[in-house]
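Engineer: To start, I am sharing the structure in question, which I have written as structure tokens.
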Amino acid sequence: MSISIAQRERAYRAYNEFFDLAERKRRWHPFNDVPWEKMDRDKNSEEVAICLETFCGVELYVPDYTANGFNLTRNIFGHAWFQANWGYEESKHGLVFREYLIQSGLRTLEQYYAFEDKIFGQVWNLPFHTRRQMTCYGALQESATYLIYQAQKEKAKREGAELLEKIFFFISRDEAAHHGFYRKVLQLEMEDDREGTISDLSHVVANFQMPGVGLIPEYDERLKVAGVGISSDHFLQQGIFPLLKVLGTDRRELIASLQKSRMAAAAARAPEKPELAPVQA
Amino acid sequence: MNDTEIHSLIGEAVAFAEPRLKGASLKPEDTIAELGINSIAVLEIVGYLEDKLGVRFPDDELAQLNTIGGLSDLIRGHDVAAQPAQKS
Ligand SMILES: [Fe+2]
Ligand SMILES: [Fe+2]
């Protein structure tokens, strides 16, 4: 899909806004700003370990996420530079989860490396293949991830687990900012092509899966542990509906678009009617 | 609408959004998640019911839609007309 200079300039400005805020207000140091001295092993459990290990596993695919992201965006400054920053921020998430698992004793180094080998033994591929569809995916995925980490932060607070609360504070704030960038880009896409953007969004919502599906070992088993995933009604209320509202659309328009695309796809698949033979005079 | 009509309408809506569930015997306690109905299919079910009944359910009421029984409650809660509107 070609992109005009005006569109590139708007993407550049959206990126600058994201980057400026990140530099001024959101930078954090995984060793200096995280209060590791508040590690309280008594508050840990195998459930905590499974949550953190699963989150760590998803974050460990950052090489695949960024490689694919760069390929999709490399000729657009605003988008490609976002990928670079996004990858840097995501890289800290995996690092902090890894540190916690080891420092807490929830996993030995051997166990951690066995897990890491399983993760790196698989490759994450793009779930969607256009930049706009991946922007839709990014907006949804970042919002789901934010909601999951936000719930973890609240849980840690309730349980007086100060270290985990701080970790999830930093990480969930990053995820909210990532969602914010994708949401802003989608608003710009809506200005350019409302119908096409809603069509892409409906396609992505209909086929949405979290990035860990099919990649994280025993993912379905892990989802049985409270807090690893997010329920579809919670995602609908807190993720999908707010996004639709910001974009100036609603669930009815989304569904109408999806049904229209399905009908078009069905019509394209239907065998063509044979041409009638000319009637002989 | 009586319970039988509501149940039959929900069956139609579910089959519309998820054709693989056509003819399935749906029980009030069946959860949306167990039936493998994803977020967008929930929206299609709700949209189908709205068109059939000529009502609009507020988005925040959809939060309670965890079960087939929840769909019945949604319909009952809106005191929909005895004569369902025709789907346009
Ligand atoms: Fe992350
Ligand atoms: Fe993120």
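Here, A, B, ... name the chains of the structure tokens in the order displayed, residue numbers run from 1 inside each chain, and ligands are numbered from 1 in the same displayed order.
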Taking only C-alpha atoms into account, what are the residues of chain B at most 9 Å from chain A, put as a list in words?

Structural biologist: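 On the chain B side, the interface is Ala33, Asn38, Ser39, Ile40, Ala41, Leu43, Glu44, Gly47, Asp59, Asp60, Leu62, Ala63, Gln64, Leu65 and Asn66 of chain B.
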
Engineer: Save the residues we just selected, C-alpha atoms, as an mmCIF file, in the first residue's frame?

Structural biologist:
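Ended up saving to part.cif:
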```
data_model
loop_
_atom_site.group_PDB
_atom_site.id
_atom_site.type_symbol
_atom_site.label_atom_id
_atom_site.label_comp_id
_atom_site.auth_asym_id
_atom_site.auth_seq_id
_atom_site.Cartn_x
_atom_site.Cartn_y
_atom_site.Cartn_z
ATOM 1 C CA ALA B 33 -16.503 -19.671 26.493
ATOM 2 C CA ASN B 38 -15.506 -15.607 20.567
ATOM 3 C CA SER B 39 -15.951 -11.881 21.155
ATOM 4 C CA ILE B 40 -17.012 -11.016 17.633
ATOM 5 C CA ALA B 41 -19.523 -13.871 17.508
ATOM 6 C CA LEU B 43 -21.481 -9.193 18.974
ATOM 7 C CA GLU B 44 -23.080 -10.920 16.002
ATOM 8 C CA GLY B 47 -26.834 -7.717 16.724
ATOM 9 C CA ASP B 59 -23.005 -1.981 25.545
ATOM 10 C CA ASP B 60 -22.443 -2.110 29.307
ATOM 11 C CA LEU B 62 -23.267 -7.081 27.427
ATOM 12 C CA ALA B 63 -20.709 -7.541 30.210
ATOM 13 C CA GLN B 64 -23.000 -10.075 31.867
ATOM 14 C CA LEU B 65 -23.168 -12.275 28.805
ATOM 15 C CA ASN B 66 -21.233 -15.255 30.093
#
```

Engineer: Do you know which residues are within 10 Å of ligand 2 using only C-alpha atoms and all ligand atoms? Can you write them as a list of chain:residue names?

Structural biologist: A:Glu59, A:Trp86, A:Gly87, A:Glu89, A:Glu90, A:Ser91, A:His93, A:Gly138, A:Ala139, A:Gln141, A:Glu142, A:Ser143, A:Ala144, A:Thr145, A:Tyr146, A:Ile171, A:Ser172, A:Arg173, A:Asp174, A:Glu175, A:Ala176, A:Ala177, A:His178, A:His179

Engineer: Find the residues around segment 9-13 of chain B up to 8 Å (only C-alpha atoms counted), leave out those fewer than 5 positions away in its own chain, and share them as a ChimeraX atom specification.

Structural biologist: /B:22-24,26,44-46,48-49,68,71-72

Engineer: Given the choices B:Glu50, B:Gly70, B:Ile37, B:Arg76, which gets closest to Asn2 of chain B if the distance is worked out from only C-alpha atoms?

Structural biologist: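 Counting only C-alpha atoms, the residue closest to Asn2 of chain B is B:Arg76.
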